[in-house]
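upload-v8.cif (mmCIF, N, CA and C atoms) appears below.
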data_input
#
loop_
_atom_site.label_atom_id
_atom_site.label_comp_id
_atom_site.auth_asym_id
_atom_site.auth_seq_id
_atom_site.Cartn_x
_atom_site.Cartn_y
_atom_site.Cartn_z
N MET N 882 87.75 98.26 77.20
CA MET N 882 87.70 97.93 75.80
C MET N 882 88.85 96.98 75.47
N PRO N 883 88.60 95.98 74.70
CA PRO N 883 89.63 94.99 74.40
C PRO N 883 90.86 95.55 73.69
N GLU N 884 90.71 96.59 72.89
CA GLU N 884 91.85 97.13 72.15
C GLU N 884 92.74 98.05 72.99
N GLU N 885 92.34 98.31 74.22
CA GLU N 885 93.12 99.17 75.10
C GLU N 885 94.05 98.35 75.99
N SER N 886 95.15 98.97 76.35
CA SER N 886 96.05 98.39 77.33
C SER N 886 96.17 99.41 78.45
N ARG N 887 95.60 99.09 79.59
CA ARG N 887 95.52 100.08 80.66
C ARG N 887 95.87 99.42 81.99
N PHE N 888 96.66 100.12 82.77
CA PHE N 888 97.00 99.70 84.12
C PHE N 888 96.31 100.66 85.07
N VAL N 889 95.54 100.15 86.02
CA VAL N 889 94.83 100.99 86.98
C VAL N 889 95.37 100.67 88.37
N TRP N 890 95.72 101.72 89.08
CA TRP N 890 96.27 101.56 90.41
C TRP N 890 95.42 102.37 91.38
N LEU N 891 94.78 101.69 92.32
CA LEU N 891 93.93 102.35 93.32
C LEU N 891 94.70 102.44 94.63
N LEU N 892 94.71 103.62 95.21
CA LEU N 892 95.42 103.85 96.46
C LEU N 892 94.49 104.48 97.49
N ALA N 893 94.76 104.20 98.73
CA ALA N 893 94.09 104.88 99.83
C ALA N 893 95.19 105.42 100.73
N HIS N 894 94.93 106.58 101.34
CA HIS N 894 95.92 107.17 102.23
C HIS N 894 95.20 107.78 103.42
N PRO N 895 95.69 107.54 104.63
CA PRO N 895 95.03 108.12 105.80
C PRO N 895 95.04 109.65 105.72
N GLY N 896 93.93 110.25 106.04
CA GLY N 896 93.87 111.70 106.10
C GLY N 896 93.30 112.36 104.86
N GLY N 897 93.18 111.62 103.78
CA GLY N 897 92.56 112.21 102.59
C GLY N 897 93.54 112.71 101.56
N TRP N 898 92.97 113.43 100.60
CA TRP N 898 93.71 113.86 99.42
C TRP N 898 94.89 114.79 99.73
N PRO N 899 94.72 115.84 100.54
CA PRO N 899 95.87 116.72 100.80
C PRO N 899 97.06 115.98 101.41
N GLU N 900 96.79 115.08 102.32
CA GLU N 900 97.87 114.31 102.94
C GLU N 900 98.51 113.38 101.93
N PHE N 901 97.71 112.80 101.04
CA PHE N 901 98.26 111.93 100.01
C PHE N 901 99.18 112.71 99.09
N GLU N 902 98.74 113.89 98.66
CA GLU N 902 99.58 114.70 97.76
C GLU N 902 100.92 115.02 98.41
N GLY N 903 100.92 115.33 99.70
CA GLY N 903 102.16 115.60 100.40
C GLY N 903 103.06 114.38 100.47
N ALA N 904 102.49 113.23 100.80
CA ALA N 904 103.26 111.99 100.89
C ALA N 904 103.79 111.58 99.52
N ASP N 905 102.97 111.75 98.49
CA ASP N 905 103.39 111.40 97.12
C ASP N 905 104.55 112.29 96.68
N GLY N 906 104.45 113.58 96.96
CA GLY N 906 105.53 114.50 96.62
C GLY N 906 106.82 114.16 97.34
N ALA N 907 106.71 113.83 98.63
CA ALA N 907 107.88 113.46 99.42
C ALA N 907 108.52 112.18 98.87
N TYR N 908 107.70 111.22 98.47
CA TYR N 908 108.22 109.98 97.90
C TYR N 908 109.02 110.25 96.62
N PHE N 909 108.43 111.02 95.71
CA PHE N 909 109.12 111.27 94.44
C PHE N 909 110.35 112.16 94.62
N ALA N 910 110.42 112.95 95.69
CA ALA N 910 111.59 113.79 95.95
C ALA N 910 112.67 113.06 96.73
N SER N 911 112.38 111.85 97.18
CA SER N 911 113.33 111.14 98.04
C SER N 911 114.52 110.59 97.25
N PRO N 912 115.69 110.53 97.88
CA PRO N 912 116.86 109.94 97.23
C PRO N 912 116.65 108.46 96.87
N ARG N 913 115.90 107.77 97.71
CA ARG N 913 115.64 106.35 97.43
C ARG N 913 114.87 106.18 96.11
N ARG N 914 113.85 107.02 95.88
CA ARG N 914 113.08 106.96 94.63
C ARG N 914 113.96 107.37 93.46
N ALA N 915 114.77 108.38 93.65
CA ALA N 915 115.65 108.87 92.58
C ALA N 915 116.70 107.82 92.18
N SER N 916 117.00 106.90 93.10
CA SER N 916 118.03 105.89 92.81
C SER N 916 117.51 104.70 92.00
N ILE N 917 116.21 104.62 91.78
CA ILE N 917 115.66 103.51 91.00
C ILE N 917 116.13 103.65 89.55
N SER N 918 116.78 102.60 89.08
CA SER N 918 117.31 102.64 87.72
C SER N 918 117.09 101.29 87.04
N PRO N 919 116.51 101.31 85.87
CA PRO N 919 116.03 102.47 85.13
C PRO N 919 114.75 103.00 85.75
N ASP N 920 114.48 104.27 85.50
CA ASP N 920 113.30 104.93 86.05
C ASP N 920 112.05 104.34 85.43
N PRO N 921 111.15 103.75 86.23
CA PRO N 921 109.94 103.14 85.67
C PRO N 921 109.00 104.15 85.02
N ALA N 922 109.14 105.43 85.34
CA ALA N 922 108.27 106.45 84.74
C ALA N 922 108.43 106.51 83.23
N ARG N 923 109.55 106.03 82.70
CA ARG N 923 109.76 106.04 81.25
C ARG N 923 108.75 105.15 80.52
N LEU N 924 108.11 104.25 81.25
CA LEU N 924 107.15 103.33 80.65
C LEU N 924 105.72 103.88 80.64
N ILE N 925 105.52 105.03 81.25
CA ILE N 925 104.18 105.61 81.35
C ILE N 925 103.99 106.60 80.20
N GLU N 926 103.08 106.28 79.33
CA GLU N 926 102.78 107.14 78.19
C GLU N 926 101.86 108.30 78.60
N GLU N 927 100.88 107.99 79.43
CA GLU N 927 99.93 109.00 79.90
C GLU N 927 99.53 108.64 81.32
N GLN N 928 99.43 109.65 82.16
CA GLN N 928 99.01 109.43 83.54
C GLN N 928 97.83 110.34 83.84
N ARG N 929 96.79 109.74 84.39
CA ARG N 929 95.63 110.51 84.83
C ARG N 929 95.36 110.18 86.28
N THR N 930 95.14 111.21 87.07
CA THR N 930 94.82 111.03 88.48
C THR N 930 93.38 111.44 88.71
N VAL N 931 92.63 110.55 89.32
CA VAL N 931 91.22 110.80 89.58
C VAL N 931 90.95 110.54 91.05
N LEU N 932 90.33 111.50 91.71
CA LEU N 932 89.97 111.33 93.11
C LEU N 932 88.59 110.68 93.18
N LEU N 933 88.53 109.53 93.83
CA LEU N 933 87.27 108.82 93.99
C LEU N 933 86.69 109.14 95.36
N THR N 934 85.40 109.22 95.43
CA THR N 934 84.72 109.49 96.69
C THR N 934 83.99 108.22 97.14
N GLU N 935 84.22 107.86 98.38
CA GLU N 935 83.58 106.67 98.94
C GLU N 935 82.08 106.89 99.05
N VAL N 936 81.34 105.89 98.64
CA VAL N 936 79.89 105.92 98.76
C VAL N 936 79.52 104.93 99.87
N PRO N 937 78.96 105.43 100.98
CA PRO N 937 78.62 104.53 102.07
C PRO N 937 77.51 103.56 101.67
N LEU N 938 77.62 102.35 102.16
CA LEU N 938 76.56 101.38 101.91
C LEU N 938 75.35 101.70 102.77
N PRO N 939 74.16 101.42 102.24
CA PRO N 939 72.94 101.72 103.02
C PRO N 939 72.83 100.85 104.26
#

Once more with this new file: its structure as structure tokens, please.
Amino acid sequence: MPEESRFVWLLAHPGGWPEFEGADGAYFASPRRASISPDPARLIEEQRTVLLTEVPLP
């Protein structure tokens, strides 16, 4: 919709969703991520995570 301002970020991770959740958690817990200043998360008003399922081509 034209009146919306939305950023969409699509990611893929080897091994599927459980492995991604573990890697994502490790990233956010890392000292390197904690050292980013200013924290870019302050710019996120709302975050939604949606798991997409690949549909094989015929």

Minimum-distance residue to Ser886 in chain N, chosen among N:Ile925, N:Arg913, N:Tyr908, N:Val931 (using only C-alpha atoms):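 Using only C-alpha atoms, Ser886 in chain N sits closest to N:Ile925.
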
Atom-to-atom span, CA of Asp920 in chain N and atom N of Phe888 in chain N, Å: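 One can read the CA of Asp920 in chain N to atom N of Phe888 in chain N distance as 17.6 Å.
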
Which of chain N DSSP labels alpha helix (DSSP H), written as a list in words: Trp898, Pro899, Glu900, Phe901, Glu902, Gly903, Ala904, Asp905, Gly906, Ala907, Tyr908, Phe909, Ala910, Pro912, Arg913, Arg914 and Ala915 of chain N

Given only C-alpha atoms as the counted atoms, nearest of N:Thr934, N:Ser911, N:Gln928, N:Ser916 to Arg887 in chain N: N:Gln928

Atomic separation - CA of Thr930 in chain N relative to CA of Ala904 in chain N, Å: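 Distance reported for this atom pair: 15.0 Å.
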
Nearest to Trp890 in chain N by atom-to-atom distance, counting only C-alpha atoms, from N:Ile917, N:Leu938, N:Leu932, N:Ala910: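 Of N:Ile917, N:Leu938, N:Leu932, N:Ala910, the one nearest Trp890 in chain N is N:Leu932, counting only C-alpha atoms.
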
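Reported to one decimal place, the separation of atom N of Pro921 in chain N from atom C of Phe909 in chain N is 11.9 Å.
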
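Shortest atom-to-atom contact with Gly897 in chain N among N:Pro919, N:Leu933, N:Pro939, N:Leu924: N:Leu933, counting only C-alpha atoms.
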